[in-house]
$ cat query-v3.pdb   # PDB, C-alpha atoms
ATOM      1  CA  MET A   1      40.865   1.344 -25.286
ATOM      2  CA  GLU A   2      39.204   3.923 -27.434
ATOM      3  CA  ARG A   3      36.913   6.249 -25.534
ATOM      4  CA  LEU A   4      33.340   6.798 -26.527
ATOM      5  CA  LYS A   5      32.963  10.103 -28.299
ATOM      6  CA  SER A   6      30.391  12.304 -26.628
ATOM      7  CA  ILE A   7      29.421  14.312 -29.718
ATOM      8  CA  LEU A   8      28.539  12.778 -33.075
ATOM      9  CA  LEU A   9      28.839  15.277 -35.915
ATOM     10  CA  ALA A  10      27.154  14.193 -39.150
ATOM     11  CA  GLU A  11      28.224  16.665 -41.811
ATOM     12  CA  ASP A  12      29.351  16.233 -45.410
ATOM     13  CA  ASN A  13      30.683  19.729 -46.004
ATOM     14  CA  HIS A  14      34.380  19.762 -45.194
ATOM     15  CA  MET A  15      34.550  23.458 -44.424
ATOM     16  CA  ASP A  16      31.624  23.208 -42.012
ATOM     17  CA  VAL A  17      33.302  20.266 -40.264
ATOM     18  CA  GLU A  18      36.464  22.340 -39.803
ATOM     19  CA  LEU A  19      34.549  25.352 -38.506
ATOM     20  CA  THR A  20      32.496  23.225 -36.142
ATOM     21  CA  LEU A  21      35.592  21.551 -34.707
ATOM     22  CA  GLU A  22      37.239  24.953 -34.344
ATOM     23  CA  ALA A  23      34.209  26.278 -32.446
ATOM     24  CA  LEU A  24      33.996  23.237 -30.176
ATOM     25  CA  GLY A  25      37.748  23.453 -29.626
ATOM     26  CA  ARG A  26      37.301  26.825 -27.968
ATOM     27  CA  HIS A  27      35.725  24.998 -25.055
ATOM     28  CA  ASN A  28      38.003  21.971 -25.256
ATOM     29  CA  LEU A  29      35.196  19.866 -26.671
ATOM     30  CA  ALA A  30      36.803  19.060 -30.027
ATOM     31  CA  ASN A  31      38.480  15.866 -28.804
ATOM     32  CA  GLU A  32      35.098  14.435 -27.930
ATOM     33  CA  VAL A  33      33.785  14.606 -31.490
ATOM     34  CA  GLU A  34      33.310  11.722 -33.903
ATOM     35  CA  VAL A  35      32.787  12.982 -37.443
ATOM     36  CA  VAL A  36      30.785  11.073 -40.048
ATOM     37  CA  ASN A  37      30.131  12.382 -43.548
ATOM     38  CA  ASP A  38      26.768  10.996 -44.509
ATOM     39  CA  GLY A  39      23.576   9.722 -42.965
ATOM     40  CA  ALA A  40      24.332   6.059 -43.579
ATOM     41  CA  GLU A  41      27.598   6.352 -41.671
ATOM     42  CA  ALA A  42      25.817   8.195 -38.840
ATOM     43  CA  LEU A  43      23.440   5.263 -38.455
ATOM     44  CA  GLU A  44      26.320   2.767 -38.646
ATOM     45  CA  TYR A  45      28.010   4.627 -35.807
ATOM     46  CA  LEU A  46      24.869   4.709 -33.683
ATOM     47  CA  TYR A  47      24.020   1.055 -34.318
ATOM     48  CA  ARG A  48      27.694  -0.007 -34.027
ATOM     49  CA  ARG A  49      27.723  -1.614 -37.438
ATOM     50  CA  GLY A  50      30.312  -1.866 -40.204
ATOM     51  CA  LYS A  51      33.512  -0.046 -39.362
ATOM     52  CA  PHE A  52      32.023   1.011 -36.006
ATOM     53  CA  SER A  53      31.159  -2.509 -34.871
ATOM     54  CA  SER A  54      33.943  -2.505 -32.279
ATOM     55  CA  ARG A  55      33.413   0.972 -30.846
ATOM     56  CA  PRO A  56      32.584   1.181 -27.122
ATOM     57  CA  ALA A  57      28.891   0.800 -26.314
ATOM     58  CA  GLY A  58      26.780   3.807 -25.448
ATOM     59  CA  ASN A  59      25.180   6.783 -27.134
ATOM     60  CA  PRO A  60      26.744  10.179 -27.699
ATOM     61  CA  ALA A  61      25.541  12.974 -25.406
ATOM     62  CA  VAL A  62      24.323  14.786 -28.509
ATOM     63  CA  VAL A  63      24.149  14.283 -32.277
ATOM     64  CA  LEU A  64      24.741  17.332 -34.486
ATOM     65  CA  LEU A  65      22.938  16.541 -37.684
ATOM     66  CA  ASP A  66      23.167  18.248 -41.052
ATOM     67  CA  ILE A  67      20.069  17.824 -43.234
ATOM     68  CA  LYS A  68      21.414  17.736 -46.772
ATOM     69  CA  MET A  69      23.785  14.772 -46.819
ATOM     70  CA  PRO A  70      24.555  11.972 -49.299
ATOM     71  CA  LYS A  71      23.088   8.439 -49.076
ATOM     72  CA  VAL A  72      20.691   9.009 -46.181
ATOM     73  CA  ASN A  73      19.664  12.591 -45.471
ATOM     74  CA  GLY A  74      19.419  14.130 -42.018
ATOM     75  CA  LEU A  75      15.642  14.002 -41.750
ATOM     76  CA  GLU A  76      15.680  10.265 -42.447
ATOM     77  CA  VAL A  77      18.404   9.785 -39.837
ATOM     78  CA  LEU A  78      16.335  11.809 -37.363
ATOM     79  CA  LYS A  79      13.281   9.682 -38.105
ATOM     80  CA  GLU A  80      15.284   6.470 -37.544
ATOM     81  CA  ILE A  81      16.699   7.743 -34.247
ATOM     82  CA  LYS A  82      13.396   8.983 -32.838
ATOM     83  CA  GLY A  83      11.644   5.793 -33.915
ATOM     84  CA  ASP A  84      14.140   3.493 -32.212
ATOM     85  CA  PRO A  85      13.502   2.713 -28.527
ATOM     86  CA  ASN A  86      17.250   2.439 -27.835
ATOM     87  CA  LEU A  87      18.147   5.728 -29.488
ATOM     88  CA  LYS A  88      15.122   7.996 -29.186
ATOM     89  CA  MET A  89      16.086   9.590 -25.875
ATOM     90  CA  MET A  90      19.437  10.728 -27.296
ATOM     91  CA  PRO A  91      19.425  14.477 -27.962
ATOM     92  CA  VAL A  92      19.617  15.416 -31.649
ATOM     93  CA  VAL A  93      20.322  18.966 -32.781
ATOM     94  CA  VAL A  94      19.814  19.755 -36.449
ATOM     95  CA  LEU A  95      22.591  22.059 -37.678
ATOM     96  CA  THR A  96      21.716  23.157 -41.165
ATOM     97  CA  SER A  97      21.958  25.850 -43.805
ATOM     98  CA  SER A  98      18.304  25.302 -44.583
ATOM     99  CA  ARG A  99      16.047  28.237 -43.851
ATOM    100  CA  GLU A 100      13.064  26.423 -45.294
ATOM    101  CA  GLU A 101      10.150  26.364 -42.916
ATOM    102  CA  SER A 102       9.207  22.886 -44.141
ATOM    103  CA  ASP A 103      12.535  21.498 -42.817
ATOM    104  CA  LEU A 104      12.033  23.309 -39.502
ATOM    105  CA  ILE A 105       8.498  22.020 -39.023
ATOM    106  CA  ARG A 106       9.341  18.519 -40.189
ATOM    107  CA  SER A 107      12.289  18.328 -37.800
ATOM    108  CA  TYR A 108      10.194  19.372 -34.812
ATOM    109  CA  ASN A 109       7.420  17.009 -35.825
ATOM    110  CA  LEU A 110       9.951  14.161 -35.932
ATOM    111  CA  GLY A 111      11.021  15.056 -32.395
ATOM    112  CA  VAL A 112      14.256  16.997 -32.877
ATOM    113  CA  ASN A 113      15.613  18.431 -29.621
ATOM    114  CA  ALA A 114      16.818  21.679 -31.158
ATOM    115  CA  TYR A 115      17.249  23.283 -34.572
ATOM    116  CA  VAL A 116      20.108  25.608 -35.400
ATOM    117  CA  VAL A 117      20.446  27.494 -38.662
ATOM    118  CA  LYS A 118      24.119  27.880 -39.599
ATOM    119  CA  PRO A 119      24.976  31.562 -39.726
ATOM    120  CA  LEU A 120      26.584  32.506 -43.031
ATOM    121  CA  GLU A 121      29.293  34.670 -41.536
ATOM    122  CA  PHE A 122      32.392  32.899 -40.149
ATOM    123  CA  GLU A 123      32.558  34.486 -36.680
ATOM    124  CA  GLU A 124      28.806  34.131 -36.162
ATOM    125  CA  PHE A 125      28.980  30.479 -37.169
ATOM    126  CA  VAL A 126      31.752  29.803 -34.672
ATOM    127  CA  THR A 127      29.910  31.696 -31.920
ATOM    128  CA  ALA A 128      26.658  29.822 -32.516
ATOM    129  CA  VAL A 129      28.305  26.388 -32.587
ATOM    130  CA  SER A 130      30.367  27.248 -29.565
ATOM    131  CA  ARG A 131      27.211  28.162 -27.598
ATOM    132  CA  LEU A 132      25.537  25.023 -28.877
ATOM    133  CA  GLY A 133      28.495  22.924 -27.704
ATOM    134  CA  VAL A 134      28.531  24.501 -24.259
ATOM    135  CA  PHE A 135      24.851  23.876 -23.728
ATOM    136  CA  TRP A 136      24.672  20.310 -25.048
ATOM    137  CA  ALA A 137      28.032  18.965 -23.901
ATOM    138  CA  ILE A 138      28.257  20.731 -20.537
ATOM    139  CA  ILE A 139      24.972  22.185 -19.261
ATOM    140  CA  ASN A 140      22.480  19.586 -20.461
ATOM    141  CA  GLU A 141      22.193  16.342 -18.531
ATOM    142  CA  PRO A 142      21.999  13.604 -21.174
ATOM    143  CA  PRO A 143      19.950  10.455 -20.655
ATOM    144  CA  PRO A 144      21.644   7.517 -18.896
ATOM    145  CA  GLY A 145      24.029   5.551 -21.089
ATOM    146  CA  SER A 146      25.574   8.658 -22.617
ATOM    147  CA  SER A 147      29.095   9.903 -22.409
ATOM    148  CA  ARG A 148      29.579  13.531 -21.404
ATOM    149  CA  GLY A 149      32.056  16.047 -22.688
ATOM    150  CA  ILE A 150      34.856  16.996 -20.358
ATOM    151  CA  ALA A 151      34.932  20.770 -20.079
TER     152      ALA A 151
ATOM    153  CA  MET B   1      12.139  32.776 -40.379
ATOM    154  CA  ARG B   2      11.849  34.547 -37.021
ATOM    155  CA  MET B   3       8.699  36.253 -38.256
ATOM    156  CA  ASP B   4       7.957  37.436 -34.753
ATOM    157  CA  SER B   5      11.191  38.900 -33.480
ATOM    158  CA  ILE B   6      10.514  38.615 -29.760
ATOM    159  CA  ARG B   7       9.196  35.308 -28.536
ATOM    160  CA  SER B   8       8.464  34.833 -24.890
ATOM    161  CA  ILE B   9      10.007  32.403 -22.450
ATOM    162  CA  LEU B  10       7.612  30.661 -20.081
ATOM    163  CA  LEU B  11       9.183  29.959 -16.687
ATOM    164  CA  ALA B  12       7.214  27.527 -14.532
ATOM    165  CA  GLU B  13       8.773  27.639 -11.067
ATOM    166  CA  ASP B  14       7.262  27.793  -7.589
ATOM    167  CA  ASN B  15      10.419  28.653  -5.645
ATOM    168  CA  GLN B  16      10.644  32.434  -5.405
ATOM    169  CA  MET B  17      14.418  32.452  -4.898
ATOM    170  CA  ASP B  18      14.930  30.319  -8.022
ATOM    171  CA  VAL B  19      12.612  32.617  -9.985
ATOM    172  CA  GLU B  20      14.682  35.629  -8.988
ATOM    173  CA  LEU B  21      17.992  33.946  -9.779
ATOM    174  CA  THR B  22      16.667  32.774 -13.122
ATOM    175  CA  LEU B  23      15.376  36.233 -14.024
ATOM    176  CA  GLU B  24      18.714  37.705 -13.019
ATOM    177  CA  ALA B  25      20.532  35.266 -15.292
ATOM    178  CA  LEU B  26      18.102  35.831 -18.166
ATOM    179  CA  GLY B  27      18.497  39.587 -17.802
ATOM    180  CA  GLN B  28      22.201  39.447 -18.606
ATOM    181  CA  HIS B  29      21.616  39.249 -22.316
ATOM    182  CA  ILE B  30      21.075  41.928 -24.846
ATOM    183  CA  PHE B  31      17.973  40.135 -26.027
ATOM    184  CA  ALA B  32      15.244  41.471 -23.774
ATOM    185  CA  ASN B  33      13.207  38.352 -23.822
ATOM    186  CA  ASP B  34       9.751  38.551 -22.525
ATOM    187  CA  VAL B  35       9.661  36.168 -19.585
ATOM    188  CA  VAL B  36       6.316  34.997 -18.251
ATOM    189  CA  VAL B  37       6.515  33.450 -14.777
ATOM    190  CA  VAL B  38       3.924  30.989 -13.501
ATOM    191  CA  GLY B  39       4.039  29.449 -10.033
ATOM    192  CA  ASP B  40       2.554  26.020 -10.606
ATOM    193  CA  GLY B  41       1.838  23.454 -13.293
ATOM    194  CA  ALA B  42      -1.861  24.235 -13.597
ATOM    195  CA  GLU B  43      -1.061  27.860 -14.367
ATOM    196  CA  ALA B  44       1.559  26.772 -16.907
ATOM    197  CA  LEU B  45      -1.091  24.775 -18.770
ATOM    198  CA  ASP B  46      -3.583  27.652 -18.493
ATOM    199  CA  TYR B  47      -1.001  29.924 -20.068
ATOM    200  CA  LEU B  48      -0.184  27.521 -22.902
ATOM    201  CA  ARG B  49      -3.839  26.747 -23.640
ATOM    202  CA  ARG B  50      -5.016  30.316 -23.101
ATOM    203  CA  ASN B  51      -7.431  29.310 -20.408
ATOM    204  CA  GLY B  52      -8.551  31.075 -17.226
ATOM    205  CA  LYS B  53      -6.720  34.311 -16.599
ATOM    206  CA  TYR B  54      -4.729  33.834 -19.811
ATOM    207  CA  ALA B  55      -7.812  33.573 -22.033
ATOM    208  CA  ASP B  56      -7.090  37.003 -23.469
ATOM    209  CA  ARG B  57      -3.362  36.690 -23.988
ATOM    210  CA  GLN B  58      -1.939  37.066 -27.436
ATOM    211  CA  GLU B  59      -1.982  33.909 -29.514
ATOM    212  CA  GLY B  60       1.215  31.917 -30.057
ATOM    213  CA  ASN B  61       3.545  29.583 -28.235
ATOM    214  CA  PRO B  62       6.617  30.617 -26.254
ATOM    215  CA  ALA B  63      10.052  29.984 -27.801
ATOM    216  CA  VAL B  64      10.883  27.730 -24.876
ATOM    217  CA  VAL B  65       9.327  26.517 -21.621
ATOM    218  CA  LEU B  66      11.612  26.249 -18.588
ATOM    219  CA  LEU B  67       9.929  23.706 -16.390
ATOM    220  CA  ASP B  68      10.557  22.901 -12.740
ATOM    221  CA  LEU B  69       9.535  19.363 -11.741
ATOM    222  CA  LYS B  70       8.349  19.716  -8.164
ATOM    223  CA  MET B  71       5.494  22.192  -8.294
ATOM    224  CA  PRO B  72       2.093  22.485  -6.592
ATOM    225  CA  LYS B  73      -1.213  21.431  -8.200
ATOM    226  CA  VAL B  74       0.199  19.852 -11.374
ATOM    227  CA  ASP B  75       3.835  18.734 -11.278
ATOM    228  CA  GLY B  76       6.347  19.296 -14.050
ATOM    229  CA  LEU B  77       6.292  15.749 -15.428
ATOM    230  CA  LYS B  78       2.520  15.944 -15.824
ATOM    231  CA  VAL B  79       2.835  19.312 -17.577
ATOM    232  CA  LEU B  80       5.491  17.828 -19.861
ATOM    233  CA  LYS B  81       3.242  14.878 -20.658
ATOM    234  CA  GLU B  82       0.344  17.209 -21.475
ATOM    235  CA  ILE B  83       2.490  19.384 -23.734
ATOM    236  CA  LYS B  84       4.088  16.505 -25.637
ATOM    237  CA  GLY B  85       0.722  14.783 -26.028
ATOM    238  CA  ASP B  86      -1.035  17.834 -27.485
ATOM    239  CA  VAL B  87      -0.717  18.332 -31.258
ATOM    240  CA  SER B  88      -0.831  22.103 -30.988
ATOM    241  CA  LEU B  89       1.785  22.259 -28.211
ATOM    242  CA  ARG B  90       4.097  19.297 -28.693
ATOM    243  CA  THR B  91       6.703  21.022 -30.834
ATOM    244  CA  ILE B  92       7.345  23.722 -28.202
ATOM    245  CA  PRO B  93      10.843  23.201 -26.811
ATOM    246  CA  VAL B  94      10.644  22.244 -23.137
ATOM    247  CA  VAL B  95      13.717  22.354 -20.922
ATOM    248  CA  VAL B  96      13.384  20.792 -17.489
ATOM    249  CA  LEU B  97      15.212  22.930 -14.930
ATOM    250  CA  THR B  98      15.228  21.062 -11.673
ATOM    251  CA  SER B  99      17.027  20.360  -8.418
ATOM    252  CA  SER B 100      16.286  16.675  -8.903
ATOM    253  CA  ARG B 101      19.288  14.454  -9.426
ATOM    254  CA  GLU B 102      17.127  11.351  -9.402
ATOM    255  CA  GLU B 103      17.706   9.172 -12.430
ATOM    256  CA  LYS B 104      14.037   8.267 -12.637
ATOM    257  CA  ASP B 105      13.109  11.920 -13.202
ATOM    258  CA  LEU B 106      15.800  12.178 -15.885
ATOM    259  CA  VAL B 107      14.680   9.008 -17.659
ATOM    260  CA  LYS B 108      10.974   9.832 -17.386
ATOM    261  CA  SER B 109      11.555  13.326 -18.779
ATOM    262  CA  TYR B 110      13.409  12.000 -21.813
ATOM    263  CA  GLN B 111      10.812   9.293 -22.325
ATOM    264  CA  LEU B 112       8.114  11.951 -22.357
ATOM    265  CA  GLY B 113      10.044  13.841 -25.020
ATOM    266  CA  VAL B 114      11.761  16.644 -23.115
ATOM    267  CA  ASN B 115      14.084  18.704 -25.312
ATOM    268  CA  ALA B 116      16.750  19.179 -22.642
ATOM    269  CA  TYR B 117      17.276  18.543 -18.939
ATOM    270  CA  VAL B 118      19.283  20.851 -16.726
ATOM    271  CA  VAL B 119      20.095  20.141 -13.093
ATOM    272  CA  LYS B 120      20.180  23.382 -11.085
ATOM    273  CA  PRO B 121      23.654  23.871  -9.687
ATOM    274  CA  VAL B 122      23.615  24.338  -5.916
ATOM    275  CA  ASP B 123      26.116  27.195  -5.912
ATOM    276  CA  PHE B 124      24.658  30.653  -6.662
ATOM    277  CA  HIS B 125      27.212  31.653  -9.291
ATOM    278  CA  ASP B 126      27.101  28.260 -10.992
ATOM    279  CA  PHE B 127      23.320  28.520 -11.113
ATOM    280  CA  VAL B 128      23.367  31.935 -12.784
ATOM    281  CA  GLU B 129      26.081  30.762 -15.181
ATOM    282  CA  ALA B 130      24.153  27.637 -16.192
ATOM    283  CA  VAL B 131      20.858  29.483 -16.708
ATOM    284  CA  SER B 132      22.646  32.165 -18.647
ATOM    285  CA  LYS B 133      24.137  29.590 -21.051
ATOM    286  CA  LEU B 134      20.799  27.828 -21.288
ATOM    287  CA  ASP B 135      19.175  31.138 -22.207
ATOM    288  CA  VAL B 136      21.803  31.986 -24.824
ATOM    289  CA  PHE B 137      21.209  28.673 -26.540
ATOM    290  CA  TRP B 138      17.409  28.528 -26.359
ATOM    291  CA  ALA B 139      16.595  32.210 -26.833
ATOM    292  CA  ILE B 140      19.264  33.134 -29.376
ATOM    293  CA  VAL B 141      20.864  30.127 -31.079
ATOM    294  CA  ASN B 142      17.934  27.737 -31.378
ATOM    295  CA  GLU B 143      15.346  28.325 -34.066
ATOM    296  CA  PRO B 144      11.991  27.604 -32.426
ATOM    297  CA  PRO B 145       9.126  26.072 -34.369
ATOM    298  CA  PRO B 146       6.641  28.559 -35.830
ATOM    299  CA  ALA B 147       4.544  30.164 -33.085
ATOM    300  CA  ARG B 148       1.440  28.492 -34.418
ATOM    301  CA  VAL B 149       1.851  24.935 -35.508
ATOM    302  CA  ASN B 150      -0.754  22.971 -37.353
ATOM    303  CA  ALA B 151      -1.153  19.372 -36.448
ATOM    304  CA  GLY B 152       1.210  17.371 -38.593
TER     305      GLY B 152
END
$ encode --input "query-v3.pdb" --output "structure tokens"
Amino acid sequence: MERLKSILLAEDNHMDVELTLEALGRHNLANEVEVVNDGAEALEYLYRRGKFSSRPAGNPAVVLLDIKMPKVNGLEVLKEIKGDPNLKMMPVVVLTSSREESDLIRSYNLGVNAYVVKPLEFEEFVTAVSRLGVFWAIINEPPPGSSRGIA
Amino acid sequence: MRMDSIRSILLAEDNQMDVELTLEALGQHIFANDVVVVGDGAEALDYLRRNGKYADRQEGNPAVVLLDLKMPKVDGLKVLKEIKGDVSLRTIPVVVLTSSREEKDLVKSYQLGVNAYVVKPVDFHDFVEAVSKLDVFWAIVNEPPPARVNAG
């Protein structure tokens, strides 16, 4: 039986996926991550549709959501999640290169739980994501129906 | 972004021992965050709305509110409901920091739109460790909304 992944990472940039997994791996959280590469796939995972129709039920403990992604962008995914009674309690953290205030404000207005700007420098990126992973997969208590990371 | 380099943390907590432990944990970081402590929910709302004794405080929202649930006068869930129902306050990140392990408090908090929910560890060292990690994320890693948000 496949276990439910406790972190959903929606990110189209391959390098950022690698760095994020590396950072989460420092706290043994990398095995808990399901990676999807665009917004449509993120929604398929959450709604258990398409290739995810047989995944175990339940929501991830946190969704790490890039904004600029193909097919369906991160803000649209966020809007879908926070507008769906079965998904809206699930914590969503935007993890983006965008320093545009309009993205920041729009994300908070849509109900994002947290907003992290990807640091440009490698070590700073890994440190930030590592701290993010520790807080959301270990310290935060997710809503019922979530799977937690095993630290 | 980060126009205003130091943004305050509002700690709403009536238990003096928990206040001291939290301040100790917050003090471990190089970022000398300005922590404002209020002892009940009514005072938390006064602070946020610049009412009463906070009428003259500088304008702007804290970077994060750490909110106990069981507090005198106005409890934490009511404060959370007020914040998330107020267009000028609702984007402020609110982290519930509570001893409550009751699922109804957890569910109600998320339904009201809490940003995160942390159960206070019983052990002293675990408590300081958890608050310290909470602080690192919310005061350093997270990008808070602009200090003044227009209704949107």
$ atom_distance --input "query-v3.pdb" --atom1 "CA of Gly41 in chain B" --atom2 "CA of Gln58 in chain B"
20.0 Å
$ resolve_selection --input "query-v3.pdb" --expression "the PyMOL selection byres ((chain A) within 8 of (chain B))" --output "mmCIF file with C-alpha atoms, in the frame of the given file"
data_model
loop_
_atom_site.group_PDB
_atom_site.id
_atom_site.type_symbol
_atom_site.label_atom_id
_atom_site.label_comp_id
_atom_site.auth_asym_id
_atom_site.auth_seq_id
_atom_site.Cartn_x
_atom_site.Cartn_y
_atom_site.Cartn_z
ATOM 1 C CA MET A 89 16.086 9.590 -25.875
ATOM 2 C CA PRO A 91 19.425 14.477 -27.962
ATOM 3 C CA ARG A 99 16.047 28.237 -43.851
ATOM 4 C CA GLU A 101 10.150 26.364 -42.916
ATOM 5 C CA LEU A 104 12.033 23.309 -39.502
ATOM 6 C CA ILE A 105 8.498 22.020 -39.023
ATOM 7 C CA TYR A 108 10.194 19.372 -34.812
ATOM 8 C CA ASN A 109 7.420 17.009 -35.825
ATOM 9 C CA GLY A 111 11.021 15.056 -32.395
ATOM 10 C CA VAL A 112 14.256 16.997 -32.877
ATOM 11 C CA ASN A 113 15.613 18.431 -29.621
ATOM 12 C CA ALA A 114 16.818 21.679 -31.158
ATOM 13 C CA TYR A 115 17.249 23.283 -34.572
ATOM 14 C CA VAL A 116 20.108 25.608 -35.400
ATOM 15 C CA VAL A 117 20.446 27.494 -38.662
ATOM 16 C CA ALA A 128 26.658 29.822 -32.516
ATOM 17 C CA ARG A 131 27.211 28.162 -27.598
ATOM 18 C CA LEU A 132 25.537 25.023 -28.877
ATOM 19 C CA VAL A 134 28.531 24.501 -24.259
ATOM 20 C CA PHE A 135 24.851 23.876 -23.728
ATOM 21 C CA ILE A 139 24.972 22.185 -19.261
ATOM 22 C CA ASN A 140 22.480 19.586 -20.461
ATOM 23 C CA GLU A 141 22.193 16.342 -18.531
ATOM 24 C CA PRO A 142 21.999 13.604 -21.174
ATOM 25 C CA PRO A 143 19.950 10.455 -20.655
ATOM 26 C CA PRO A 144 21.644 7.517 -18.896
#
$ atom_distance --input "query-v3.pdb" --atom1 "CA of Val77 in chain A" --atom2 "CA of Asp103 in chain A"
13.4 Å
$ closest_residue --input "query-v3.pdb" --among "A:Ala57, A:Leu19, A:Val94, A:Ile81" --to "Leu120 in chain A" --atoms "only C-alpha atoms"
A:Leu19
$ closest_residue --input "query-v3.pdb" --among "A:Asn73, A:Leu65, A:Leu24, A:Ser6" --to "Gly39 in chain A" --atoms "all atoms listed in the file"
A:Asn73
$ resolve_selection --input "query-v3.pdb" --expression "the PyMOL selection byres ((chain B and resi 23) around 12)" --output "JSON, numbers by chain"
{"B": [9, 10, 11, 12, 13, 16, 17, 18, 19, 20, 21, 22, 24, 25, 26, 27, 28, 29, 32, 33, 34, 35, 36, 37, 66, 127, 128, 131, 132, 135]}
$ write_last_selection --input "query-v3.pdb" --atoms "C-alpha atoms" --output "compact mmCIF listing (two decimals), in the coordinates of the input"
# COMPACT_ATOMS: atom_id res chain seq x y z
CA ILE B 9 10.01 32.40 -22.45
CA LEU B 10 7.61 30.66 -20.08
CA LEU B 11 9.18 29.96 -16.69
CA ALA B 12 7.21 27.53 -14.53
CA GLU B 13 8.77 27.64 -11.07
CA GLN B 16 10.64 32.43 -5.40
CA MET B 17 14.42 32.45 -4.90
CA ASP B 18 14.93 30.32 -8.02
CA VAL B 19 12.61 32.62 -9.98
CA GLU B 20 14.68 35.63 -8.99
CA LEU B 21 17.99 33.95 -9.78
CA THR B 22 16.67 32.77 -13.12
CA GLU B 24 18.71 37.70 -13.02
CA ALA B 25 20.53 35.27 -15.29
CA LEU B 26 18.10 35.83 -18.17
CA GLY B 27 18.50 39.59 -17.80
CA GLN B 28 22.20 39.45 -18.61
CA HIS B 29 21.62 39.25 -22.32
CA ALA B 32 15.24 41.47 -23.77
CA ASN B 33 13.21 38.35 -23.82
CA ASP B 34 9.75 38.55 -22.52
CA VAL B 35 9.66 36.17 -19.58
CA VAL B 36 6.32 35.00 -18.25
CA VAL B 37 6.52 33.45 -14.78
CA LEU B 66 11.61 26.25 -18.59
CA PHE B 127 23.32 28.52 -11.11
CA VAL B 128 23.37 31.94 -12.78
CA VAL B 131 20.86 29.48 -16.71
CA SER B 132 22.65 32.16 -18.65
CA ASP B 135 19.18 31.14 -22.21
$ residues_near_point --input "query-v3.pdb" --point "(30.1, 22.9, -27.4)" --cutoff "9 Å" --atoms "only C-alpha atoms" --output "list in words"
Ile7, Ala23, Leu24, Gly25, Arg26, His27, Asn28, Leu29, Ala30, Val129, Ser130, Arg131, Leu132, Gly133, Val134, Phe135, Trp136, Ala137, Ile138 and Gly149 of chain A
$ write_last_selection --input "query-v3.pdb" --atoms "C-alpha atoms" --output "CSV table (one decimal), in the frame of the given file"
chain,number,residue,atom,x,y,z
A,7,ILE,CA,29.4,14.3,-29.7
A,23,ALA,CA,34.2,26.3,-32.4
A,24,LEU,CA,34.0,23.2,-30.2
A,25,GLY,CA,37.7,23.5,-29.6
A,26,ARG,CA,37.3,26.8,-28.0
A,27,HIS,CA,35.7,25.0,-25.1
A,28,ASN,CA,38.0,22.0,-25.3
A,29,LEU,CA,35.2,19.9,-26.7
A,30,ALA,CA,36.8,19.1,-30.0
A,129,VAL,CA,28.3,26.4,-32.6
A,130,SER,CA,30.4,27.2,-29.6
A,131,ARG,CA,27.2,28.2,-27.6
A,132,LEU,CA,25.5,25.0,-28.9
A,133,GLY,CA,28.5,22.9,-27.7
A,134,VAL,CA,28.5,24.5,-24.3
A,135,PHE,CA,24.9,23.9,-23.7
A,136,TRP,CA,24.7,20.3,-25.0
A,137,ALA,CA,28.0,19.0,-23.9
A,138,ILE,CA,28.3,20.7,-20.5
A,149,GLY,CA,32.1,16.0,-22.7
$ closest_residue --input "query-v3.pdb" --among "A:Phe125, A:Ser146, A:Pro56, A:Leu110" --to "Leu21 in chain A" --atoms "all atoms listed in the file"
A:Phe125
$ residues_around --input "query-v3.pdb" --residues "Arg49 in chain B" --least-positions-apart "4" --cutoff "10 Å" --atoms "all atoms listed in the file" --output "PyMOL selection string"
chain B and resi 43-45+54-55+57+59-61+83+88-89
$ residues_around --input "query-v3.pdb" --residues "range 42-54 of chain A" --least-positions-apart "5" --cutoff "12 Å" --atoms "only C-alpha atoms" --output "tab-separated table (two decimals) with C-alpha atoms, in the frame of the given file"
chain	number	residue	atom	x	y	z
A	1	MET	CA	40.86	1.34	-25.29
A	2	GLU	CA	39.20	3.92	-27.43
A	3	ARG	CA	36.91	6.25	-25.53
A	4	LEU	CA	33.34	6.80	-26.53
A	5	LYS	CA	32.96	10.10	-28.30
A	6	SER	CA	30.39	12.30	-26.63
A	7	ILE	CA	29.42	14.31	-29.72
A	8	LEU	CA	28.54	12.78	-33.08
A	9	LEU	CA	28.84	15.28	-35.92
A	10	ALA	CA	27.15	14.19	-39.15
A	11	GLU	CA	28.22	16.66	-41.81
A	12	ASP	CA	29.35	16.23	-45.41
A	34	GLU	CA	33.31	11.72	-33.90
A	35	VAL	CA	32.79	12.98	-37.44
A	36	VAL	CA	30.78	11.07	-40.05
A	37	ASN	CA	30.13	12.38	-43.55
A	59	ASN	CA	25.18	6.78	-27.13
A	60	PRO	CA	26.74	10.18	-27.70
A	61	ALA	CA	25.54	12.97	-25.41
A	62	VAL	CA	24.32	14.79	-28.51
A	63	VAL	CA	24.15	14.28	-32.28
A	64	LEU	CA	24.74	17.33	-34.49
A	65	LEU	CA	22.94	16.54	-37.68
A	66	ASP	CA	23.17	18.25	-41.05
A	69	MET	CA	23.78	14.77	-46.82
A	70	PRO	CA	24.56	11.97	-49.30
A	71	LYS	CA	23.09	8.44	-49.08
A	72	VAL	CA	20.69	9.01	-46.18
A	73	ASN	CA	19.66	12.59	-45.47
A	74	GLY	CA	19.42	14.13	-42.02
A	76	GLU	CA	15.68	10.26	-42.45
A	77	VAL	CA	18.40	9.78	-39.84
A	78	LEU	CA	16.34	11.81	-37.36
A	79	LYS	CA	13.28	9.68	-38.10
A	80	GLU	CA	15.28	6.47	-37.54
A	81	ILE	CA	16.70	7.74	-34.25
A	84	ASP	CA	14.14	3.49	-32.21
A	86	ASN	CA	17.25	2.44	-27.84
A	87	LEU	CA	18.15	5.73	-29.49
A	88	LYS	CA	15.12	8.00	-29.19
A	90	MET	CA	19.44	10.73	-27.30
A	92	VAL	CA	19.62	15.42	-31.65
A	146	SER	CA	25.57	8.66	-22.62
